[in-house]
>>> print(open('run.txt').read())   # compact mmCIF, C-alpha atoms and all ligand atoms
# COMPACT_ATOMS: atom_id res chain seq x y z
CA MET A 1 51.28 3.84 -10.23
CA PHE A 2 51.21 7.59 -10.41
CA PHE A 3 47.62 7.92 -11.47
CA LYS A 4 44.87 5.78 -10.14
CA SER A 5 43.30 4.05 -13.06
CA ALA A 6 39.96 2.38 -12.95
CA ILE A 7 38.25 1.28 -16.10
CA ASP A 8 34.89 1.96 -14.45
CA ALA A 9 35.76 5.59 -13.95
CA VAL A 10 36.77 5.90 -17.57
CA ARG A 11 33.53 4.26 -18.62
CA ARG A 12 31.49 6.59 -16.48
CA GLY A 13 33.38 9.67 -17.57
CA LEU A 14 33.30 8.82 -21.22
CA LEU A 15 29.66 7.83 -21.38
CA ARG A 16 28.51 10.68 -23.55
CA THR A 17 31.58 10.50 -25.71
CA ALA A 18 30.69 6.93 -26.42
CA SER A 19 27.18 7.93 -27.38
CA ALA A 20 28.44 10.15 -30.15
CA PHE A 21 31.32 8.06 -31.36
CA GLY A 22 31.62 4.38 -30.51
CA ALA A 23 27.96 3.75 -29.97
CA GLY A 24 27.12 5.63 -33.16
CA LEU A 25 29.36 3.31 -35.13
CA ARG A 26 28.02 0.31 -33.26
CA SER A 27 24.40 1.01 -34.06
CA MET A 28 25.33 1.75 -37.65
CA LEU A 29 27.19 -1.53 -38.10
CA HIS A 30 25.48 -3.91 -35.70
CA GLY A 31 23.87 -6.88 -37.46
CA ARG A 32 24.59 -5.47 -40.91
CA ARG A 33 26.50 -6.94 -43.81
CA LEU A 34 29.25 -4.67 -45.02
CA ASP A 35 28.95 -3.04 -48.43
CA ASP A 36 30.33 0.04 -50.17
CA ALA A 37 27.51 2.32 -49.08
CA LEU A 38 27.89 1.26 -45.46
CA ILE A 39 31.62 1.87 -45.58
CA ASP A 40 30.92 5.39 -46.87
CA GLN A 41 28.60 5.95 -43.93
CA VAL A 42 31.36 4.85 -41.56
CA GLU A 43 33.62 7.52 -43.04
CA ALA A 44 31.02 10.24 -42.54
CA GLN A 45 30.43 9.07 -38.97
CA LEU A 46 34.16 9.18 -38.18
CA ILE A 47 34.47 12.70 -39.56
CA SER A 48 31.51 13.91 -37.55
CA ALA A 49 33.17 12.41 -34.45
CA ASP A 50 36.14 14.81 -34.94
CA VAL A 51 38.56 12.09 -36.01
CA GLY A 52 39.72 14.40 -38.79
CA VAL A 53 39.32 13.98 -42.52
CA ARG A 54 42.69 12.40 -43.16
CA ALA A 55 42.54 9.89 -40.33
CA ALA A 56 38.94 9.03 -41.27
CA ARG A 57 39.98 8.41 -44.88
CA GLU A 58 42.89 6.22 -43.82
CA LEU A 59 40.81 4.23 -41.36
CA VAL A 60 38.15 3.66 -44.00
CA ALA A 61 40.70 2.79 -46.69
CA SER A 62 42.08 0.03 -44.53
CA LEU A 63 38.55 -1.16 -43.75
CA ARG A 64 37.73 -1.22 -47.45
CA ALA A 65 40.89 -3.18 -48.20
CA GLU A 66 39.89 -5.78 -45.59
CA PHE A 67 36.39 -5.92 -47.09
CA LEU A 68 37.68 -6.39 -50.65
CA ALA A 69 40.07 -9.10 -49.46
CA GLY A 70 37.09 -10.95 -48.01
CA ARG A 71 38.36 -10.66 -44.44
CA CYS A 72 35.66 -8.32 -43.25
CA GLU A 73 32.08 -9.20 -44.13
CA ARG A 74 29.94 -8.45 -41.12
CA GLY A 75 29.42 -5.16 -39.34
CA GLU A 76 30.91 -6.71 -36.19
CA ASP A 77 34.11 -7.55 -38.12
CA ALA A 78 34.28 -3.93 -39.25
CA LEU A 79 33.91 -2.69 -35.68
CA GLU A 80 36.70 -4.94 -34.50
CA HIS A 81 38.91 -3.83 -37.37
CA LEU A 82 38.25 -0.14 -36.63
CA LYS A 83 38.95 -0.59 -32.93
CA ARG A 84 42.19 -2.43 -33.62
CA THR A 85 43.37 0.16 -36.14
CA MET A 86 42.51 3.09 -33.87
CA LYS A 87 44.39 1.51 -30.98
CA GLN A 88 47.43 1.11 -33.19
CA ARG A 89 47.24 4.73 -34.31
CA LEU A 90 46.93 6.00 -30.75
CA ALA A 91 49.54 3.78 -29.13
CA PRO A 92 52.30 5.99 -27.71
CA GLY A 93 55.67 5.89 -29.37
CA PRO A 94 58.98 5.88 -27.50
CA GLY A 95 59.25 8.87 -25.19
CA GLU A 96 55.56 9.65 -25.44
CA THR A 97 54.60 8.51 -21.97
CA LEU A 98 54.08 10.91 -19.11
CA GLU A 99 57.55 12.03 -18.04
CA ILE A 100 56.72 12.85 -14.46
CA ALA A 101 55.00 9.51 -13.90
CA GLY A 102 58.10 7.53 -13.05
CA SER A 103 60.62 10.32 -13.01
CA SER A 104 63.28 10.51 -10.34
CA THR A 105 64.13 14.06 -11.43
CA LYS A 106 63.65 16.48 -8.56
CA PRO A 107 62.02 18.86 -8.88
CA ALA A 108 60.15 17.71 -11.96
CA VAL A 109 58.53 20.75 -13.51
CA VAL A 110 55.23 20.69 -15.37
CA LEU A 111 54.23 23.77 -17.31
CA VAL A 112 50.52 23.91 -18.15
CA VAL A 113 49.39 26.05 -21.09
CA GLY A 114 46.37 26.57 -23.31
CA VAL A 115 43.72 28.99 -24.52
CA ASN A 116 41.19 30.64 -22.21
CA GLY A 117 38.81 28.49 -20.25
CA VAL A 118 39.91 25.10 -21.56
CA GLY A 119 40.48 23.74 -18.03
CA LYS A 120 44.13 24.53 -17.21
CA THR A 121 43.70 25.43 -13.55
CA THR A 122 41.40 22.50 -12.88
CA SER A 123 43.86 20.22 -14.62
CA VAL A 124 46.70 21.54 -12.45
CA ALA A 125 44.58 20.68 -9.40
CA LYS A 126 43.96 17.19 -10.77
CA ILE A 127 47.64 16.54 -11.36
CA ALA A 128 48.48 17.93 -7.92
CA HIS A 129 45.92 15.62 -6.36
CA SER A 130 47.35 12.56 -8.11
CA ILE A 131 50.90 13.41 -7.10
CA ARG A 132 49.82 13.93 -3.49
CA ALA A 133 47.98 10.61 -3.59
CA SER A 134 51.21 8.92 -4.66
CA GLY A 135 52.94 10.36 -1.58
CA ARG A 136 55.04 12.97 -3.30
CA THR A 137 55.26 16.67 -2.59
CA VAL A 138 53.88 19.39 -4.84
CA LEU A 139 54.37 23.10 -5.20
CA LEU A 140 51.97 25.19 -7.29
CA ALA A 141 52.95 28.34 -9.17
CA ALA A 142 50.12 30.78 -9.86
CA ALA A 143 51.63 32.33 -12.97
CA ASP A 144 48.25 33.57 -14.20
CA THR A 145 48.54 37.15 -12.99
CA TYR A 146 46.12 38.47 -15.62
CA ARG A 147 42.65 37.31 -14.88
CA ALA A 148 41.16 38.76 -11.73
CA GLY A 149 40.43 35.84 -9.47
CA ALA A 150 42.84 33.44 -11.15
CA VAL A 151 45.26 33.39 -8.22
CA ALA A 152 42.42 33.03 -5.73
CA GLN A 153 41.06 30.10 -7.75
CA LEU A 154 44.38 28.25 -7.54
CA GLU A 155 44.76 29.21 -3.87
CA ILE A 156 41.46 27.54 -3.06
CA TRP A 157 42.68 24.38 -4.78
CA ALA A 158 45.99 24.56 -2.91
CA GLN A 159 44.14 24.79 0.39
CA ARG A 160 41.77 21.97 -0.44
CA LEU A 161 44.60 19.74 -1.60
CA GLY A 162 46.97 20.75 1.18
CA VAL A 163 49.80 21.93 -1.07
CA ASP A 164 51.93 25.07 -1.07
CA ILE A 165 51.58 27.82 -3.63
CA ILE A 166 53.79 30.62 -4.92
CA ARG A 167 52.07 33.72 -6.19
CA GLY A 168 53.00 37.19 -7.32
CA ALA A 169 51.29 40.55 -7.27
CA PRO A 170 48.10 40.87 -9.30
CA GLY A 171 49.01 42.19 -12.73
CA GLY A 172 52.66 41.36 -12.07
CA ASP A 173 55.09 39.61 -14.35
CA PRO A 174 54.16 35.94 -14.67
CA ALA A 175 57.77 35.06 -15.54
CA ALA A 176 58.85 36.48 -12.19
CA VAL A 177 56.34 34.23 -10.42
CA ALA A 178 57.64 31.27 -12.41
CA PHE A 179 61.20 32.11 -11.42
CA ASP A 180 60.32 32.50 -7.73
CA ALA A 181 58.48 29.20 -7.85
CA ALA A 182 61.43 27.42 -9.48
CA GLU A 183 63.68 28.88 -6.80
CA ALA A 184 61.32 27.77 -4.02
CA ALA A 185 60.96 24.30 -5.54
CA MET A 186 64.75 23.92 -5.45
CA THR A 187 65.31 25.22 -1.94
CA ARG A 188 62.31 23.37 -0.46
CA GLY A 189 63.22 20.16 -2.25
CA VAL A 190 59.73 19.44 -3.55
CA ASP A 191 59.16 16.55 -5.94
CA VAL A 192 56.99 18.30 -8.51
CA LEU A 193 56.42 21.93 -9.42
CA LEU A 194 53.20 22.62 -11.34
CA VAL A 195 53.01 25.96 -13.15
CA ASP A 196 49.56 27.28 -14.03
CA THR A 197 49.53 29.96 -16.73
CA ALA A 198 47.01 32.46 -18.03
CA GLY A 199 44.76 31.51 -20.89
CA ARG A 200 45.93 32.97 -24.19
CA LEU A 201 44.69 32.78 -27.72
CA HIS A 202 47.06 30.87 -29.91
CA ASN A 203 47.29 33.78 -32.39
CA GLU A 204 48.23 36.44 -29.80
CA GLU A 205 51.91 36.80 -30.50
CA ASN A 206 52.84 38.89 -27.46
CA LEU A 207 51.24 36.43 -25.11
CA MET A 208 52.88 33.50 -26.85
CA ARG A 209 56.25 35.24 -26.43
CA GLN A 210 55.50 35.69 -22.77
CA LEU A 211 55.01 31.95 -22.52
CA VAL A 212 58.46 31.43 -24.02
CA LYS A 213 59.83 33.79 -21.37
CA ILE A 214 58.15 31.82 -18.59
CA ARG A 215 59.62 28.62 -20.00
CA ASP A 216 63.09 30.17 -20.27
CA VAL A 217 63.26 31.53 -16.72
CA ILE A 218 62.25 28.15 -15.34
CA ARG A 219 64.92 26.50 -17.46
CA LYS A 220 67.50 29.01 -16.31
CA ARG A 221 66.92 28.12 -12.67
CA ILE A 222 66.33 24.38 -13.18
CA PRO A 223 68.37 23.01 -16.08
CA GLY A 224 66.36 20.58 -18.20
CA ALA A 225 63.05 21.99 -16.99
CA PRO A 226 60.20 22.07 -17.78
CA HIS A 227 60.16 18.30 -18.01
CA GLU A 228 56.61 18.32 -19.26
CA THR A 229 54.83 21.09 -21.11
CA LEU A 230 51.22 20.04 -21.22
CA LEU A 231 48.80 21.73 -23.56
CA VAL A 232 45.28 21.59 -22.18
CA LEU A 233 42.64 21.24 -24.86
CA ASP A 234 38.89 21.28 -24.49
CA ALA A 235 37.75 18.03 -26.05
CA THR A 236 34.48 19.62 -27.10
CA SER A 237 36.22 22.17 -29.31
CA GLY A 238 36.57 19.72 -32.19
CA GLN A 239 38.98 20.49 -34.98
CA ASN A 240 39.85 23.86 -33.46
CA ALA A 241 41.81 21.92 -30.86
CA VAL A 242 44.13 20.77 -33.64
CA VAL A 243 44.71 24.39 -34.73
CA GLN A 244 45.51 25.42 -31.14
CA ALA A 245 47.91 22.53 -30.69
CA ALA A 246 49.81 23.43 -33.85
CA ALA A 247 50.26 27.05 -32.71
CA PHE A 248 51.31 26.28 -29.14
CA ARG A 249 53.75 23.67 -30.31
CA LYS A 250 55.45 26.28 -32.46
CA ALA A 251 56.02 28.56 -29.47
CA VAL A 252 56.96 26.10 -26.73
CA ASP A 253 57.82 22.45 -27.08
CA ILE A 254 54.61 20.75 -26.12
CA THR A 255 55.36 17.28 -24.75
CA GLY A 256 51.79 16.13 -24.46
CA ILE A 257 48.11 16.92 -24.39
CA PHE A 258 45.82 17.07 -21.39
CA LEU A 259 42.45 16.51 -23.02
CA ALA A 260 39.93 18.07 -20.67
CA LYS A 261 36.14 17.80 -20.66
CA MET A 262 36.02 14.34 -22.15
CA ASP A 263 32.95 13.76 -19.99
CA GLY A 264 30.89 16.41 -21.73
CA THR A 265 29.55 16.38 -25.22
CA ALA A 266 33.00 15.64 -26.62
CA ARG A 267 32.97 13.37 -29.59
CA GLY A 268 36.27 11.89 -28.53
CA GLY A 269 37.66 11.45 -31.99
CA VAL A 270 39.78 14.56 -31.54
CA ALA A 271 42.31 12.42 -29.64
CA ILE A 272 42.92 10.60 -32.90
CA ALA A 273 42.95 13.81 -34.97
CA ILE A 274 45.63 15.44 -32.78
CA HIS A 275 47.82 12.40 -32.76
CA ASP A 276 47.38 12.04 -36.49
CA ALA A 277 47.89 15.67 -37.51
CA LEU A 278 50.67 16.61 -35.09
CA GLY A 279 52.08 13.43 -33.67
CA LEU A 280 51.39 14.80 -30.19
CA PRO A 281 50.44 12.19 -27.61
CA VAL A 282 47.41 12.63 -25.40
CA LYS A 283 48.81 11.89 -21.96
CA LEU A 284 45.95 12.64 -19.60
CA ILE A 285 42.22 13.02 -19.92
CA GLY A 286 39.90 15.06 -17.73
CA VAL A 287 36.51 13.52 -17.12
CA GLY A 288 34.87 15.94 -14.68
CA GLU A 289 35.36 18.95 -12.46
CA SER A 290 36.79 17.28 -9.34
CA PRO A 291 40.47 16.61 -8.59
CA GLU A 292 39.85 12.86 -8.88
CA ASP A 293 38.45 13.20 -12.40
CA VAL A 294 41.68 12.52 -14.25
CA GLN A 295 42.88 9.44 -16.05
CA PRO A 296 46.16 8.57 -17.67
CA PHE A 297 45.49 8.15 -21.34
CA ASP A 298 45.76 4.56 -22.43
CA ALA A 299 44.92 3.91 -26.07
CA ASP A 300 43.54 0.42 -25.55
CA ARG A 301 41.41 1.37 -22.59
CA PHE A 302 40.25 4.55 -24.22
CA ILE A 303 39.04 2.83 -27.39
CA ASP A 304 37.50 -0.04 -25.41
CA ALA A 305 35.64 2.43 -23.21
CA VAL A 306 34.48 4.47 -26.16
CA PHE A 307 33.06 1.39 -27.86
CA SER A 308 31.90 -0.50 -24.80
CA VAL A 309 28.74 1.35 -23.91
CA ASP A 310 25.65 0.48 -25.84
CA GLY A 311 22.88 2.87 -26.74
CA ALA A 312 20.55 1.52 -24.06
CA THR A 313 23.01 2.30 -21.28
CA ILE A 314 23.57 5.81 -22.55
CA SER A 315 19.96 6.80 -22.73
CA ALA A 316 19.33 5.33 -19.25
N1 LIG B 401 33.00 18.74 -17.20
C1 LIG B 401 34.26 19.14 -17.06
N2 LIG B 401 34.53 20.41 -16.74
C2 LIG B 401 35.82 20.78 -16.62
C3 LIG B 401 36.89 19.87 -16.82
N3 LIG B 401 38.05 20.55 -16.64
C4 LIG B 401 37.69 21.82 -16.31
N4 LIG B 401 36.35 21.97 -16.30
C5 LIG B 401 35.57 23.20 -16.04
O1 LIG B 401 35.87 24.17 -17.02
C6 LIG B 401 35.79 25.48 -16.47
C7 LIG B 401 37.08 26.23 -16.73
O2 LIG B 401 38.11 25.57 -16.01
P1 LIG B 401 39.46 26.28 -15.59
O3 LIG B 401 40.31 25.23 -14.99
O4 LIG B 401 39.19 27.50 -14.78
O5 LIG B 401 40.01 26.70 -17.02
P2 LIG B 401 41.30 27.56 -17.36
O6 LIG B 401 41.84 27.06 -18.62
O7 LIG B 401 42.20 27.60 -16.19
O8 LIG B 401 40.66 29.01 -17.59
P3 LIG B 401 41.45 30.41 -17.72
O9 LIG B 401 42.50 30.41 -16.64
O10 LIG B 401 40.40 31.45 -17.52
O11 LIG B 401 42.05 30.46 -19.10
C8 LIG B 401 35.49 25.29 -14.99
O12 LIG B 401 34.10 25.44 -14.78
C9 LIG B 401 35.90 23.85 -14.72
O13 LIG B 401 35.21 23.27 -13.65
C10 LIG B 401 36.57 18.51 -17.19
O14 LIG B 401 37.42 17.63 -17.39
N5 LIG B 401 35.25 18.21 -17.29
MG MG B 402 43.08 29.18 -15.15
>>> encode(input="run.txt", output="structure tokens")
Amino acid sequence: MFFKSAIDAVRRGLLRTASAFGAGLRSMLHGRRLDDALIDQVEAQLISADVGVRAARELVASLRAEFLAGRCERGEDALEHLKRTMKQRLAPGPGETLEIAGSSTKPAVVLVVGVNGVGKTTSVAKIAHSIRASGRTVLLAAADTYRAGAVAQLEIWAQRLGVDIIRGAPGGDPAAVAFDAAEAAMTRGVDVLLVDTAGRLHNEENLMRQLVKIRDVIRKRIPGAPHETLLVLDATSGQNAVVQAAAFRKAVDITGIFLAKMDGTARGGVAIAIHDALGLPVKLIGVGESPEDVQPFDADRFIDAVFSVDGATISA
């Protein structure tokens, strides 16, 4: 396996998410008999957990249909129905799994993009760590030449993780760095090239064009690359994450979402909203600030973890 996956780690990382989402629904439904008013409350709870209005409506419509058909009478039945339906919605379709996970392509190139401060550089470090742990070689490209300190930040990670890094001059052309890195990845024969980019607002057209340029120079040197273009989203940013995803997808073909900061005050439902609104799969989740704090996204495990923690555990 490419990424170490331990349900305990997911549970620990998602604790606070569960408090606002799964556990909220649990305490609302536990020991209750279902009725119309309670179903309405479920809808409001789903919306406040960032699931998105449309997905919340659809989830509740199917719950109501079960209720009216007499198949769902107790709160516990409703919880099970919601969990099952959410898992179905989140299950990855064909081609929606992490490309680099089992890829024999060499070098596999991963381009990491997103708005400022969402967790791109940390996520690059996490992916690098996982690849190293699986015994493969990694090269990092510091294509954030804008922010003072950005290159140094990635260099520190490279040193800590024991991986090589390609960087350009401060204020230089990030596409040139990306090209040099693609060149180096080819000649050095590394398994995976990870390209960190500068944060950019999704409505800054020049910067979005620059991203296209970075993508194109990589592709020019390595046909078929980038094999993954991961959009990093801050899970605590709620519905704004959906807006960002829509804009980035327009500029570069996003292949998946890295949902960072799922350990914070994230309500977690945004994973459902993004999948629902854009059909983009969440492929990885970040659950802390260390390189180990990454999990492959697995719909079943995610929903189980979100619903598995009870209120008592959370407040402990
Ligand atoms: N709790 C938590 N913090 C995270 C996670 N991922 C990143 N962070 C923190 O978020 C902050 C920003 O992370 P960066 O990786 O520098 O974000 P960035 O997107 O590269 O930022 P820019 O390059 O400035 O756009 C840092 O303090 C990270 O430690 C996560 O999964 N959980
Ligand atoms: Mg960064």
>>> atom_distance(input="run.txt", atom1="atom CA of A:Arg200", atom2="atom CA of A:Leu278")
20.2 Å
>>> closest_atom_pairs(input="run.txt", of="chain A", to="ligand MG 402 (chain B)", cutoff="10 Å", atoms="only C-alpha atoms and all ligand atoms", output="CSV")
residue,atom,partner,partner_atom,distance
A:Val112,CA,B:MG402,MG,9.6
A:Val113,CA,B:MG402,MG,9.2
A:Gly114,CA,B:MG402,MG,9.2
A:Val115,CA,B:MG402,MG,9.4
A:Asn116,CA,B:MG402,MG,7.5
A:Gly117,CA,B:MG402,MG,6.7
A:Val118,CA,B:MG402,MG,8.2
A:Gly119,CA,B:MG402,MG,6.7
A:Lys120,CA,B:MG402,MG,5.2
A:Thr121,CA,B:MG402,MG,4.1
A:Thr122,CA,B:MG402,MG,7.3
A:Ser123,CA,B:MG402,MG,9.0
A:Val124,CA,B:MG402,MG,8.9
A:Ala142,CA,B:MG402,MG,9.0
A:Ala143,CA,B:MG402,MG,9.4
A:Asp144,CA,B:MG402,MG,6.8
A:Thr145,CA,B:MG402,MG,9.9
A:Tyr146,CA,B:MG402,MG,9.8
A:Arg147,CA,B:MG402,MG,8.1
A:Gly149,CA,B:MG402,MG,9.1
A:Ala150,CA,B:MG402,MG,5.8
A:Val151,CA,B:MG402,MG,8.4
A:Gln153,CA,B:MG402,MG,7.7
A:Leu154,CA,B:MG402,MG,7.8
A:Asp196,CA,B:MG402,MG,6.8
A:Thr197,CA,B:MG402,MG,6.7
A:Ala198,CA,B:MG402,MG,5.9
A:Gly199,CA,B:MG402,MG,6.4
>>> atom_distance(input="run.txt", atom1="atom CA of A:Ala49", atom2="atom CA of A:Lys126")
26.5 Å
>>> closest_residue(input="run.txt", among="A:Asp276, A:Leu111, A:Arg215, A:Arg188", to="A:Ile127", atoms="all atoms listed in the file")
A:Leu111
>>> atom_distance(input="run.txt", atom1="atom CA of A:Ala148", atom2="atom P3 of ligand LIG 401 (chain B)")
10.3 Å
>>> closest_residue(input="run.txt", among="A:Ala141, A:Val163, A:Met262, A:Val109", to="A:Asp191", atoms="all atoms listed in the file")
A:Val109
>>> closest_residue(input="run.txt", among="A:Val195, A:Leu98, A:Ala181, A:Met28", to="A:Gly75", atoms="only C-alpha atoms")
A:Met28
>>> axis_aligned_box(input="run.txt", around="stretch 102-115 of chain A", padding_each_side="4 Å", output="AutoDock Vina command-line options")
--center_x 53.9 --center_y 18.3 --center_z -16.5 --size_x 28.4 --size_y 29.5 --size_z 24.0
>>> residues_around(input="run.txt", residues="stretch 103-108 of chain A", least_positions_apart="4", cutoff="7 Å", atoms="only C-alpha atoms", output="CSV table (one decimal) with C-alpha atoms, in the coordinates of the input")
chain,number,residue,atom,x,y,z
A,99,GLU,CA,57.6,12.0,-18.0
A,185,ALA,CA,61.0,24.3,-5.5
A,186,MET,CA,64.8,23.9,-5.4
A,189,GLY,CA,63.2,20.2,-2.2
A,190,VAL,CA,59.7,19.4,-3.6
A,191,ASP,CA,59.2,16.6,-5.9
A,192,VAL,CA,57.0,18.3,-8.5
A,193,LEU,CA,56.4,21.9,-9.4
A,227,HIS,CA,60.2,18.3,-18.0
>>> residues_around(input="run.txt", residues="stretch 29-33 of chain A", least_positions_apart="3", cutoff="10 Å", atoms="all atoms listed in the file", output="ChimeraX atom specification")
/A:23-26,38-39,41-42,72-79
